[in-house]
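**Q** Sharing work_37.pdb here; it has PDB, C-alpha atoms.
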ATOM      1  CA  MET A   1    -194.979 -73.401 111.885
ATOM      2  CA  LEU A   2    -194.129 -76.524 113.905
ATOM      3  CA  ILE A   3    -197.420 -78.259 113.184
ATOM      4  CA  ASP A   4    -196.551 -81.433 115.091
ATOM      5  CA  TYR A   5    -195.772 -79.401 118.205
ATOM      6  CA  HIS A   6    -199.131 -77.618 118.000
ATOM      7  CA  ARG A   7    -200.867 -80.906 117.280
ATOM      8  CA  ARG A   8    -199.454 -82.255 120.546
ATOM      9  CA  LEU A   9    -200.647 -79.162 122.416
ATOM     10  CA  VAL A  10    -204.214 -79.658 121.244
ATOM     11  CA  ALA A  11    -204.022 -83.426 121.821
ATOM     12  CA  ASP A  12    -202.901 -82.895 125.425
ATOM     13  CA  SER A  13    -206.219 -83.482 127.168
ATOM     14  CA  ILE A  14    -204.790 -82.784 130.654
ATOM     15  CA  ARG A  15    -203.540 -79.359 129.561
ATOM     16  CA  CYS A  16    -206.664 -78.428 127.626
ATOM     17  CA  GLU A  17    -209.080 -79.554 130.327
ATOM     18  CA  ALA A  18    -207.191 -77.662 133.039
ATOM     19  CA  PHE A  19    -207.354 -74.413 131.057
ATOM     20  CA  ARG A  20    -210.992 -75.033 130.145
ATOM     21  CA  ARG A  21    -211.961 -75.507 133.793
ATOM     22  CA  ALA A  22    -209.964 -72.444 134.847
ATOM     23  CA  ILE A  23    -211.545 -70.206 132.219
ATOM     24  CA  GLU A  24    -215.012 -71.556 132.916
ATOM     25  CA  GLN A  25    -214.570 -70.777 136.622
ATOM     26  CA  VAL A  26    -213.920 -67.069 136.065
ATOM     27  CA  ILE A  27    -215.694 -66.162 132.824
ATOM     28  CA  VAL A  28    -219.007 -64.302 132.864
ATOM     29  CA  PRO A  29    -220.857 -65.180 129.636
ATOM     30  CA  GLY A  30    -221.601 -62.147 127.526
ATOM     31  CA  VAL A  31    -219.457 -59.886 129.733
ATOM     32  CA  THR A  32    -215.865 -61.092 129.973
ATOM     33  CA  ARG A  33    -213.384 -59.718 127.431
ATOM     34  CA  VAL A  34    -210.553 -62.220 126.951
ATOM     35  CA  GLY A  35    -207.001 -61.754 125.669
ATOM     36  CA  ASP A  36    -204.869 -64.776 124.746
ATOM     37  CA  LEU A  37    -201.195 -63.746 124.718
ATOM     38  CA  GLY A  38    -199.010 -66.014 122.602
ATOM     39  CA  SER A  39    -202.108 -67.728 121.247
ATOM     40  CA  GLY A  40    -200.515 -70.205 118.835
ATOM     41  CA  THR A  41    -203.229 -71.740 116.676
ATOM     42  CA  GLY A  42    -205.843 -70.037 118.871
ATOM     43  CA  TRP A  43    -207.158 -73.091 120.693
ATOM     44  CA  ILE A  44    -207.507 -71.499 124.150
ATOM     45  CA  GLY A  45    -209.088 -68.367 122.695
ATOM     46  CA  PHE A  46    -211.560 -70.470 120.704
ATOM     47  CA  MET A  47    -212.414 -72.310 123.924
ATOM     48  CA  ALA A  48    -213.057 -68.991 125.691
ATOM     49  CA  HIS A  49    -215.329 -67.987 122.783
ATOM     50  CA  GLY A  50    -217.294 -71.212 123.238
ATOM     51  CA  LEU A  51    -217.647 -70.505 126.959
ATOM     52  CA  GLY A  52    -219.407 -67.238 126.170
ATOM     53  CA  ALA A  53    -216.731 -64.534 126.190
ATOM     54  CA  GLN A  54    -218.021 -61.165 125.005
ATOM     55  CA  SER A  55    -214.895 -60.829 122.870
ATOM     56  CA  VAL A  56    -211.623 -62.697 122.381
ATOM     57  CA  SER A  57    -208.378 -61.104 121.202
ATOM     58  CA  LEU A  58    -205.599 -63.409 120.025
ATOM     59  CA  TYR A  59    -202.046 -62.050 120.047
ATOM     60  CA  GLU A  60    -199.566 -64.219 118.132
ATOM     61  CA  ARG A  61    -196.196 -63.076 116.822
ATOM     62  CA  VAL A  62    -195.677 -65.976 114.371
ATOM     63  CA  PRO A  63    -197.427 -64.844 111.158
ATOM     64  CA  SER A  64    -198.302 -68.349 109.937
ATOM     65  CA  LEU A  65    -200.002 -69.196 113.238
ATOM     66  CA  ALA A  66    -201.937 -65.928 113.299
ATOM     67  CA  LYS A  67    -203.081 -66.600 109.721
ATOM     68  CA  VAL A  68    -204.299 -70.080 110.649
ATOM     69  CA  SER A  69    -206.233 -68.615 113.591
ATOM     70  CA  VAL A  70    -208.011 -66.171 111.276
ATOM     71  CA  GLN A  71    -208.917 -68.962 108.867
ATOM     72  CA  ILE A  72    -210.280 -71.213 111.612
ATOM     73  CA  ALA A  73    -212.310 -68.398 113.157
ATOM     74  CA  ARG A  74    -213.858 -67.480 109.799
ATOM     75  CA  ARG A  75    -214.590 -71.061 108.785
ATOM     76  CA  ASN A  76    -216.353 -71.735 112.078
ATOM     77  CA  GLY A  77    -218.254 -68.476 112.322
ATOM     78  CA  LEU A  78    -216.441 -67.316 115.471
ATOM     79  CA  ASN A  79    -217.373 -63.696 114.952
ATOM     80  CA  ARG A  80    -216.218 -62.458 118.368
ATOM     81  CA  ILE A  81    -212.575 -63.335 117.622
ATOM     82  CA  GLN A  82    -210.010 -60.671 116.705
ATOM     83  CA  VAL A  83    -206.496 -61.761 115.715
ATOM     84  CA  TYR A  84    -203.444 -59.521 116.135
ATOM     85  CA  PRO A  85    -200.362 -60.891 114.316
ATOM     86  CA  GLU A  86    -197.965 -59.307 116.812
ATOM     87  CA  ASP A  87    -196.147 -60.040 120.021
ATOM     88  CA  SER A  88    -198.469 -58.773 122.754
ATOM     89  CA  ARG A  89    -195.599 -56.745 124.214
ATOM     90  CA  SER A  90    -195.380 -54.689 121.014
ATOM     91  CA  ILE A  91    -199.021 -53.581 121.206
ATOM     92  CA  ILE A  92    -198.918 -49.872 121.979
ATOM     93  CA  ASP A  93    -202.427 -49.247 123.265
ATOM     94  CA  PRO A  94    -204.188 -52.536 124.107
ATOM     95  CA  GLY A  95    -207.885 -52.504 124.792
ATOM     96  CA  PRO A  96    -209.064 -53.482 128.266
ATOM     97  CA  HIS A  97    -209.480 -57.197 128.997
ATOM     98  CA  ASP A  98    -211.199 -58.738 131.980
ATOM     99  CA  LEU A  99    -209.241 -61.977 131.590
ATOM    100  CA  VAL A 100    -205.766 -62.493 130.156
ATOM    101  CA  VAL A 101    -204.518 -66.018 129.458
ATOM    102  CA  SER A 102    -201.044 -67.079 128.364
ATOM    103  CA  GLU A 103    -200.032 -70.673 127.848
ATOM    104  CA  THR A 104    -196.423 -69.972 126.939
ATOM    105  CA  LEU A 105    -195.071 -72.639 129.260
ATOM    106  CA  GLY A 106    -192.062 -74.768 128.360
ATOM    107  CA  ASN A 107    -190.588 -77.925 129.829
ATOM    108  CA  LEU A 108    -188.537 -75.677 132.123
ATOM    109  CA  ALA A 109    -191.615 -73.467 132.498
ATOM    110  CA  LEU A 110    -190.153 -69.992 131.955
ATOM    111  CA  GLU A 111    -188.040 -70.318 128.806
ATOM    112  CA  GLU A 112    -190.837 -69.288 126.410
ATOM    113  CA  GLY A 113    -191.206 -65.898 128.066
ATOM    114  CA  ILE A 114    -194.348 -66.341 130.156
ATOM    115  CA  GLY A 115    -192.890 -64.309 133.024
ATOM    116  CA  GLU A 116    -192.253 -61.251 130.856
ATOM    117  CA  ILE A 117    -195.538 -61.697 128.975
ATOM    118  CA  LEU A 118    -197.749 -61.861 132.059
ATOM    119  CA  TRP A 119    -195.968 -58.972 133.765
ATOM    120  CA  ASP A 120    -196.527 -56.855 130.646
ATOM    121  CA  ALA A 121    -200.164 -58.047 130.661
ATOM    122  CA  ARG A 122    -200.968 -55.522 133.382
ATOM    123  CA  ARG A 123    -201.336 -53.017 130.506
ATOM    124  CA  PHE A 124    -204.141 -55.163 129.083
ATOM    125  CA  LEU A 125    -206.141 -55.712 132.250
ATOM    126  CA  ALA A 126    -209.256 -53.807 133.165
ATOM    127  CA  PRO A 127    -209.649 -52.967 136.884
ATOM    128  CA  GLY A 128    -210.128 -56.233 138.740
ATOM    129  CA  GLY A 129    -208.887 -58.214 135.735
ATOM    130  CA  ILE A 130    -207.554 -61.751 136.099
ATOM    131  CA  ARG A 131    -204.395 -63.457 134.813
ATOM    132  CA  ILE A 132    -204.202 -67.178 134.018
ATOM    133  CA  PRO A 133    -201.994 -68.708 135.287
ATOM    134  CA  ARG A 134    -201.649 -66.967 138.647
ATOM    135  CA  GLN A 135    -198.561 -68.597 140.124
ATOM    136  CA  LEU A 136    -195.813 -71.058 139.312
ATOM    137  CA  THR A 137    -193.599 -73.277 141.476
ATOM    138  CA  LEU A 138    -190.497 -75.118 140.275
ATOM    139  CA  TYR A 139    -189.267 -78.294 141.969
ATOM    140  CA  ALA A 140    -186.144 -80.457 141.933
ATOM    141  CA  ARG A 141    -185.408 -83.920 143.286
ATOM    142  CA  PRO A 142    -182.181 -85.949 143.369
ATOM    143  CA  VAL A 143    -182.007 -88.831 140.889
ATOM    144  CA  SER A 144    -180.563 -92.195 141.933
ATOM    145  CA  SER A 145    -181.040 -94.022 138.639
ATOM    146  CA  GLY A 146    -178.118 -94.021 136.223
ATOM    147  CA  ARG A 147    -180.119 -94.841 133.089
ATOM    148  CA  TYR A 148    -180.113 -91.316 131.641
ATOM    149  CA  TRP A 149    -176.605 -90.512 132.865
ATOM    150  CA  ALA A 150    -175.295 -93.622 131.064
ATOM    151  CA  GLU A 151    -176.671 -92.297 127.758
ATOM    152  CA  LEU A 152    -174.348 -89.300 127.891
ATOM    153  CA  ASP A 153    -171.155 -91.105 126.807
ATOM    154  CA  PRO A 154    -171.839 -93.203 123.681
ATOM    155  CA  TRP A 155    -168.412 -92.376 122.215
ATOM    156  CA  SER A 156    -166.337 -94.533 124.562
ATOM    157  CA  THR A 157    -168.123 -97.697 123.431
ATOM    158  CA  GLY A 158    -167.737 -96.941 119.709
ATOM    159  CA  ALA A 159    -165.281 -98.368 117.207
ATOM    160  CA  LEU A 160    -162.979 -95.330 117.337
ATOM    161  CA  ARG A 161    -160.503 -95.533 120.197
ATOM    162  CA  LEU A 162    -160.049 -91.803 120.578
ATOM    163  CA  ASP A 163    -160.217 -89.349 123.446
ATOM    164  CA  PHE A 164    -163.747 -87.968 123.396
ATOM    165  CA  SER A 165    -163.567 -86.504 126.897
ATOM    166  CA  ARG A 166    -164.451 -83.013 125.629
ATOM    167  CA  LEU A 167    -167.718 -84.273 124.146
ATOM    168  CA  VAL A 168    -168.454 -86.284 127.282
ATOM    169  CA  SER A 169    -167.956 -83.187 129.446
ATOM    170  CA  LEU A 170    -170.197 -81.100 127.201
ATOM    171  CA  SER A 171    -172.942 -83.706 127.229
ATOM    172  CA  ARG A 172    -172.946 -83.760 131.027
ATOM    173  CA  GLN A 173    -173.215 -79.966 131.188
ATOM    174  CA  ASN A 174    -176.535 -79.971 129.418
ATOM    175  CA  LEU A 175    -180.218 -80.090 130.243
ATOM    176  CA  TYR A 176    -182.327 -82.879 128.788
ATOM    177  CA  VAL A 177    -186.058 -83.335 128.334
ATOM    178  CA  ARG A 178    -186.794 -86.723 129.898
ATOM    179  CA  THR A 179    -189.569 -88.633 131.646
ATOM    180  CA  PHE A 180    -188.972 -89.911 135.183
ATOM    181  CA  SER A 181    -190.834 -92.401 137.345
ATOM    182  CA  GLU A 182    -190.614 -93.361 141.007
ATOM    183  CA  PRO A 183    -187.866 -96.027 140.531
ATOM    184  CA  ASP A 184    -185.561 -93.204 139.363
ATOM    185  CA  PHE A 185    -185.777 -91.750 142.881
ATOM    186  CA  ALA A 186    -185.184 -94.897 144.974
ATOM    187  CA  CYS A 187    -183.820 -93.945 148.408
ATOM    188  CA  THR A 188    -183.693 -90.224 147.539
ATOM    189  CA  PRO A 189    -185.376 -87.523 149.662
ATOM    190  CA  GLU A 190    -188.535 -85.778 148.540
ATOM    191  CA  ALA A 191    -188.660 -82.930 146.019
ATOM    192  CA  GLY A 192    -188.063 -79.371 147.133
ATOM    193  CA  ALA A 193    -189.309 -76.075 145.688
ATOM    194  CA  TRP A 194    -186.411 -73.973 144.365
ATOM    195  CA  ASP A 195    -188.349 -71.102 142.757
ATOM    196  CA  ARG A 196    -191.791 -69.522 142.930
ATOM    197  CA  VAL A 197    -193.304 -66.934 140.582
ATOM    198  CA  ASP A 198    -196.317 -64.728 141.241
ATOM    199  CA  PHE A 199    -197.320 -63.454 137.813
ATOM    200  CA  ALA A 200    -198.927 -60.348 139.314
ATOM    201  CA  MET A 201    -195.492 -59.239 140.531
ATOM    202  CA  ARG A 202    -192.619 -57.811 138.499
ATOM    203  CA  PHE A 203    -190.820 -60.716 136.851
ATOM    204  CA  ARG A 204    -187.108 -61.071 137.550
ATOM    205  CA  THR A 205    -185.296 -62.544 134.552
ATOM    206  CA  ARG A 206    -182.337 -63.467 136.763
ATOM    207  CA  ARG A 207    -183.409 -66.084 139.257
ATOM    208  CA  GLU A 208    -181.747 -68.142 141.971
ATOM    209  CA  GLY A 209    -182.836 -71.046 144.127
ATOM    210  CA  HIS A 210    -181.225 -73.066 146.951
ATOM    211  CA  LEU A 211    -182.103 -76.548 148.178
ATOM    212  CA  GLU A 212    -180.519 -78.809 150.769
ATOM    213  CA  TRP A 213    -181.373 -82.408 151.578
ATOM    214  CA  MET A 214    -180.248 -84.521 154.535
ATOM    215  CA  ILE A 215    -179.724 -88.136 153.513
ATOM    216  CA  GLU A 216    -181.353 -90.924 155.500
ATOM    217  CA  ARG A 217    -180.342 -93.836 153.259
ATOM    218  CA  GLY A 218    -177.321 -94.084 150.996
ATOM    219  CA  PHE A 219    -177.551 -93.972 147.211
ATOM    220  CA  THR A 220    -175.603 -92.806 144.170
ATOM    221  CA  LEU A 221    -176.465 -89.328 142.903
ATOM    222  CA  TYR A 222    -176.694 -89.051 139.098
ATOM    223  CA  GLY A 223    -178.281 -85.616 138.849
ATOM    224  CA  PHE A 224    -181.633 -83.944 139.395
ATOM    225  CA  ALA A 225    -185.106 -84.031 137.918
ATOM    226  CA  ILE A 226    -186.789 -80.627 137.558
ATOM    227  CA  TRP A 227    -190.478 -79.924 136.992
ATOM    228  CA  TRP A 228    -193.130 -77.297 137.665
ATOM    229  CA  GLU A 229    -196.668 -76.792 138.922
ATOM    230  CA  ALA A 230    -198.843 -73.875 137.804
ATOM    231  CA  GLU A 231    -201.846 -72.586 139.715
ATOM    232  CA  LEU A 232    -204.193 -71.453 136.944
ATOM    233  CA  VAL A 233    -206.913 -70.169 139.273
ATOM    234  CA  PRO A 234    -207.536 -71.035 142.940
ATOM    235  CA  GLY A 235    -208.162 -74.756 143.162
ATOM    236  CA  ILE A 236    -207.055 -75.655 139.626
ATOM    237  CA  ARG A 237    -203.449 -76.682 139.079
ATOM    238  CA  LEU A 238    -201.447 -78.053 136.180
ATOM    239  CA  SER A 239    -198.375 -80.107 137.023
ATOM    240  CA  THR A 240    -195.537 -81.730 135.094
ATOM    241  CA  ALA A 241    -194.411 -83.791 138.110
ATOM    242  CA  PRO A 242    -193.384 -87.395 137.450
ATOM    243  CA  ASP A 243    -196.364 -88.680 139.446
ATOM    244  CA  ALA A 244    -198.886 -86.273 137.872
ATOM    245  CA  PRO A 245    -201.101 -87.285 134.924
ATOM    246  CA  PRO A 246    -198.792 -87.178 131.876
ATOM    247  CA  THR A 247    -198.884 -84.182 129.561
ATOM    248  CA  HIS A 248    -196.961 -83.251 126.400
ATOM    249  CA  TRP A 249    -194.483 -81.612 128.778
ATOM    250  CA  GLU A 250    -191.880 -83.820 130.404
ATOM    251  CA  GLN A 251    -189.361 -83.242 133.154
ATOM    252  CA  ILE A 252    -185.880 -81.755 132.815
ATOM    253  CA  TYR A 253    -182.803 -83.816 133.645
ATOM    254  CA  ALA A 254    -179.812 -81.889 135.023
ATOM    255  CA  PRO A 255    -176.945 -84.411 135.338
ATOM    256  CA  VAL A 256    -173.832 -84.346 137.464
ATOM    257  CA  LEU A 257    -170.395 -84.568 135.880
ATOM    258  CA  ASN A 258    -169.534 -87.617 137.969
ATOM    259  CA  PRO A 259    -171.845 -89.835 140.036
ATOM    260  CA  VAL A 260    -171.491 -89.290 143.774
ATOM    261  CA  ALA A 261    -172.009 -91.935 146.445
ATOM    262  CA  VAL A 262    -173.812 -90.318 149.378
ATOM    263  CA  ARG A 263    -174.274 -92.070 152.694
ATOM    264  CA  ALA A 264    -176.798 -91.848 155.494
ATOM    265  CA  GLY A 265    -176.084 -88.665 157.425
ATOM    266  CA  ASP A 266    -174.597 -86.868 154.412
ATOM    267  CA  TRP A 267    -176.134 -83.793 152.802
ATOM    268  CA  ILE A 268    -176.695 -82.595 149.244
ATOM    269  CA  GLN A 269    -176.863 -78.918 148.343
ATOM    270  CA  LEU A 270    -178.167 -77.659 145.008
ATOM    271  CA  VAL A 271    -177.923 -74.027 143.891
ATOM    272  CA  ILE A 272    -179.648 -73.087 140.641
ATOM    273  CA  LYS A 273    -179.044 -69.758 138.906
ATOM    274  CA  SER A 274    -180.858 -68.885 135.708
ATOM    275  CA  ARG A 275    -181.426 -65.993 133.360
ATOM    276  CA  PHE A 276    -184.434 -66.140 131.066
ATOM    277  CA  LYS A 277    -183.929 -64.115 127.907
ATOM    278  CA  ASP A 278    -187.277 -62.778 126.765
ATOM    279  CA  GLY A 279    -188.473 -66.083 125.328
ATOM    280  CA  ARG A 280    -185.234 -66.624 123.410
ATOM    281  CA  GLY A 281    -183.662 -69.229 125.638
ATOM    282  CA  VAL A 282    -182.069 -69.436 129.053
ATOM    283  CA  ASP A 283    -178.692 -69.380 130.757
ATOM    284  CA  PHE A 284    -178.853 -72.091 133.402
ATOM    285  CA  ARG A 285    -176.256 -72.961 136.050
ATOM    286  CA  TRP A 286    -176.415 -75.597 138.729
ATOM    287  CA  GLN A 287    -173.927 -76.116 141.543
ATOM    288  CA  VAL A 288    -173.952 -79.463 143.322
ATOM    289  CA  SER A 289    -172.247 -79.867 146.691
ATOM    290  CA  THR A 290    -171.850 -82.957 148.909
ATOM    291  CA  PRO A 291    -169.328 -83.894 151.603
ATOM    292  CA  ALA A 292    -167.242 -85.324 148.723
ATOM    293  CA  GLY A 293    -166.908 -81.917 147.004
ATOM    294  CA  SER A 294    -168.623 -79.518 144.585
ATOM    295  CA  GLU A 295    -169.342 -79.315 140.859
ATOM    296  CA  HIS A 296    -170.299 -76.233 138.868
ATOM    297  CA  LEU A 297    -172.262 -76.914 135.682
ATOM    298  CA  SER A 298    -173.808 -74.512 133.188
ATOM    299  CA  ILE A 299    -175.605 -74.390 129.873
ATOM    300  CA  ARG A 300    -176.791 -71.808 127.397
ATOM    301  CA  ALA A 301    -179.891 -73.328 125.870
ATOM    302  CA  GLY A 302    -181.901 -71.908 122.997
ATOM    303  CA  ASP A 303    -184.615 -74.527 122.651
ATOM    304  CA  LEU A 304    -185.496 -77.073 125.323
ATOM    305  CA  GLU A 305    -187.955 -78.777 122.994
ATOM    306  CA  LYS A 306    -184.860 -80.529 121.682
ATOM    307  CA  ASP A 307    -181.713 -81.569 123.494
ATOM    308  CA  PRO A 308    -179.647 -78.359 123.481
ATOM    309  CA  VAL A 309    -175.975 -78.394 122.559
ATOM    310  CA  VAL A 310    -173.413 -76.220 124.286
ATOM    311  CA  ASP A 311    -170.664 -74.770 122.102
TER     312      ASP A 311
END
In structure tokens, what does this structure look like?

**A**
Amino acid sequence: MLIDYHRRLVADSIRCEAFRRAIEQVIVPGVTRVGDLGSGTGWIGFMAHGLGAQSVSLYERVPSLAKVSVQIARRNGLNRIQVYPEDSRSIIDPGPHDLVVSETLGNLALEEGIGEILWDARRFLAPGGIRIPRQLTLYARPVSSGRYWAELDPWSTGALRLDFSRLVSLSRQNLYVRTFSEPDFACTPEAGAWDRVDFAMRFRTRREGHLEWMIERGFTLYGFAIWWEAELVPGIRLSTAPDAPPTHWEQIYAPVLNPVAVRAGDWIQLVIKSRFKDGRGVDFRWQVSTPAGSEHLSIRAGDLEKDPVVD
């Protein structure tokens, strides 16, 4: 059990308050039957219990987390909690739930399997049942600051005068969890949405998005920042955007192999292709095109909590 990771989840007041408000908006005390899919330590399910859920079912495939949830529920007298130490997708005959919640969101949003989980959740829902979150939008914006790109070649400045170009190339074909601010986007155009997910619809594990920007002022392109916004229920959103209140999530940095000087009147095209593998990582490819040429970059990442390494 990654206790520090779960500590940060619970300490994330923006995350917790957004889910609390969303659940409070739709729950009917004494009536609503809640299922928490991928429940972790059980925090969201415990919150639903406190808001008056008739019953709360926690589905958690990591045995140590499920065990902790049982212990917390017993110690605190939460007698309407039932813990299932299984992946929700392996449950053969789930009981009906009026509300299904899944906070299996990663820094890249979909890599923890939320798309597959919430599509499968239709088996859990009673007629008229509700999913939280409802929808998800992913954004990208060109980056004009070279501070993160410069980190990707520490070998050339070291004591060994060797050719490390292979490592440099690998490091630039990687995704990184980073935090951006407005100075990182000086002179760049606004963010664009490159993917949208409606969790009530069949989830496509292979996904593709296209963006194009026309450049009004020149700058040097060092890559792209990627983030997401989830609509939990109508009117309540949770965002990992650089200008949103900070959460334990950060943004993703997708670098270019070589910085590109773009001028006023130029264009930038970004094509993103991804395949999300049932919560076990992601294949991610990004193609960058400008009047100066194109670059094709790709990564197979297993865990975007840490900086992934391509072999």

**Q** Go through stretch 110-227 of chain A and flag each residue having an atom no more than 9 Å from stretch 74-93 of chain A; for those, report the closest pair of atoms plus their distance in Å to one decimal, using only C-alpha atoms, ordered by chain and rising number, as CSV.

**A**
residue,atom,partner,partner_atom,distance
A:Glu116,CA,A:Arg89,CA,8.7
A:Ile117,CA,A:Arg89,CA,6.9
A:Asp120,CA,A:Arg89,CA,6.5
A:Ala121,CA,A:Arg89,CA,8.0
A:Arg123,CA,A:Asp93,CA,8.2
A:Phe124,CA,A:Asp93,CA,8.5

**Q** Export C-alpha atoms of the chosen residues as a PDB file, in the coordinates of the input?

**A**
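result28.pdb, written as the output of this step:
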ATOM      1  CA  GLU A 116    -192.253 -61.251 130.856  1.00  0.00           C
ATOM      2  CA  ILE A 117    -195.538 -61.697 128.975  1.00  0.00           C
ATOM      3  CA  ASP A 120    -196.527 -56.855 130.646  1.00  0.00           C
ATOM      4  CA  ALA A 121    -200.164 -58.047 130.661  1.00  0.00           C
ATOM      5  CA  ARG A 123    -201.336 -53.017 130.506  1.00  0.00           C
ATOM      6  CA  PHE A 124    -204.141 -55.163 129.083  1.00  0.00           C
TER       7      PHE A 124
END

**Q** For a quick check of understanding, using all atoms listed in the file, which of A:His248, A:His296, A:Arg285, A:Arg61 has the smallest distance to A:Thr179?

**A** A:His248

**Q** Find, counting only C-alpha atoms, the residue in A:Arg263, A:His6, A:Arg33, A:Arg147 that gets nearest to A:Gly95.

**A**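 Going through A:Arg263, A:His6, A:Arg33, A:Arg147 one by one, the smallest distance to A:Gly95 is for A:Arg33.
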
**Q** Name the residues that the PyMOL selection byres ((chain A and resi 31) around 10) pulls out of this structure, and write them as a ChimeraX atom specification.

**A** /A:27-30,32-34,52-55,98

**Q** I need the residue nearest A:Ala186 from this list: A:Ser289, A:Ser144, A:Thr104, A:Ser239. Use all atoms listed in the file for the distance.

**A**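 Closest residue, counting all atoms listed in the file: A:Ser144.
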
**Q** What does the distance from atom CA of A:Val56 to atom CA of A:Thr41 come to in Å, to one decimal?

**A**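 Interatomic distance, atom CA of A:Val56 to atom CA of A:Thr41: 13.6 Å.
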
**Q** Mind telling me what the PyMOL selection byres ((chain A and resi 201) around 12) catches here, as a PDB file with C-alpha atoms, in the coordinates of the input?

**A**
ATOM      1  CA  GLY A 115    -192.890 -64.309 133.024  1.00  0.00           C
ATOM      2  CA  GLU A 116    -192.253 -61.251 130.856  1.00  0.00           C
ATOM      3  CA  ILE A 117    -195.538 -61.697 128.975  1.00  0.00           C
ATOM      4  CA  LEU A 118    -197.749 -61.861 132.059  1.00  0.00           C
ATOM      5  CA  TRP A 119    -195.968 -58.972 133.765  1.00  0.00           C
ATOM      6  CA  ASP A 120    -196.527 -56.855 130.646  1.00  0.00           C
ATOM      7  CA  ALA A 121    -200.164 -58.047 130.661  1.00  0.00           C
ATOM      8  CA  ARG A 122    -200.968 -55.522 133.382  1.00  0.00           C
ATOM      9  CA  ARG A 131    -204.395 -63.457 134.813  1.00  0.00           C
ATOM     10  CA  ARG A 134    -201.649 -66.967 138.647  1.00  0.00           C
ATOM     11  CA  GLN A 135    -198.561 -68.597 140.124  1.00  0.00           C
ATOM     12  CA  LEU A 136    -195.813 -71.058 139.312  1.00  0.00           C
ATOM     13  CA  ARG A 196    -191.791 -69.522 142.930  1.00  0.00           C
ATOM     14  CA  VAL A 197    -193.304 -66.934 140.582  1.00  0.00           C
ATOM     15  CA  ASP A 198    -196.317 -64.728 141.241  1.00  0.00           C
ATOM     16  CA  PHE A 199    -197.320 -63.454 137.813  1.00  0.00           C
ATOM     17  CA  ALA A 200    -198.927 -60.348 139.314  1.00  0.00           C
ATOM     18  CA  ARG A 202    -192.619 -57.811 138.499  1.00  0.00           C
ATOM     19  CA  PHE A 203    -190.820 -60.716 136.851  1.00  0.00           C
ATOM     20  CA  ARG A 204    -187.108 -61.071 137.550  1.00  0.00           C
TER      21      ARG A 204
END

**Q** Each residue of stretch 88-119 of chain A lying at most 12 Å from stretch 218-230 of chain A should get a row with its shortest atom-to-atom pair and the distance in Å to one decimal, counting all atoms listed in the file; could you produce that, ordered by chain and increasing number, as a tab-separated table?

**A**
residue	atom	partner	partner_atom	distance
A:Ser102	CA	A:Ala230	CA	11.8
A:Glu103	CA	A:Ala230	CA	10.5
A:Thr104	CA	A:Ala230	CA	11.8
A:Leu105	CA	A:Ala230	CA	9.4
A:Gly106	CA	A:Trp228	CA	9.7
A:Asn107	CA	A:Trp227	CA	7.4
A:Leu108	CA	A:Trp227	CA	6.7
A:Ala109	CA	A:Trp228	CA	6.6
A:Leu110	CA	A:Trp228	CA	9.7
A:Ile114	CA	A:Ala230	CA	11.6

**Q** Print the selection's residues with C-alpha atoms to a file, as a compact mmCIF listing (two decimals), in the frame of the given file.

**A**
# COMPACT_ATOMS: atom_id res chain seq x y z
CA SER A 102 -201.04 -67.08 128.36
CA GLU A 103 -200.03 -70.67 127.85
CA THR A 104 -196.42 -69.97 126.94
CA LEU A 105 -195.07 -72.64 129.26
CA GLY A 106 -192.06 -74.77 128.36
CA ASN A 107 -190.59 -77.92 129.83
CA LEU A 108 -188.54 -75.68 132.12
CA ALA A 109 -191.62 -73.47 132.50
CA LEU A 110 -190.15 -69.99 131.96
CA ILE A 114 -194.35 -66.34 130.16

**Q** Do you have the atom CA of A:Ala261-atom CA of A:Pro291 distance handy?

**A** 9.9 Å

**Q** How far is it from atom CA of A:Trp286 to atom CA of A:Trp155, in Å with one decimal?

**A**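 Interatomic distance here is 24.9 Å.
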
**Q** Using the chain letters and numbers from this file, what does the PyMOL selection byres ((chain A and resi 42) around 12) select? Give the answer as a VMD selection string.

**A** chain A and resid 6 9 to 10 35 to 41 43 to 49 56 to 60 62 64 to 73 78 81 to 85 101 to 103

**Q** Mind checking which residues fall within 8 Å of A:Trp267, counting all atoms listed in the file, ignoring those fewer than 4 positions away in the same chain, and posting them as a list in words?

**A**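 Counting all atoms listed in the file, the residues come to Glu212, Trp213, Met214, Ile215, Val262, Thr290 and Pro291 of chain A.
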
**Q** Counting all atoms listed in the file, which of A:Cys16, A:Ile268, A:Leu99, A:Ala126 gets nearest to A:Pro142?

**A**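 So, comparing all the options, the nearest one is A:Ile268.
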
**Q** Using only C-alpha atoms, can you tell me which of A:Lys277, A:Ser145, A:His210, A:Arg8 comes closest to A:Glu182?

**A**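 For A:Glu182, the nearest of the given residues is A:Ser145.
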
**Q** Would you mind telling me which residue in A:Ala193, A:Ala244, A:Ile236, A:Leu175 lies nearest to A:Phe284 when using all atoms listed in the file?

**A**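 So, comparing all the options, the nearest one is A:Leu175.
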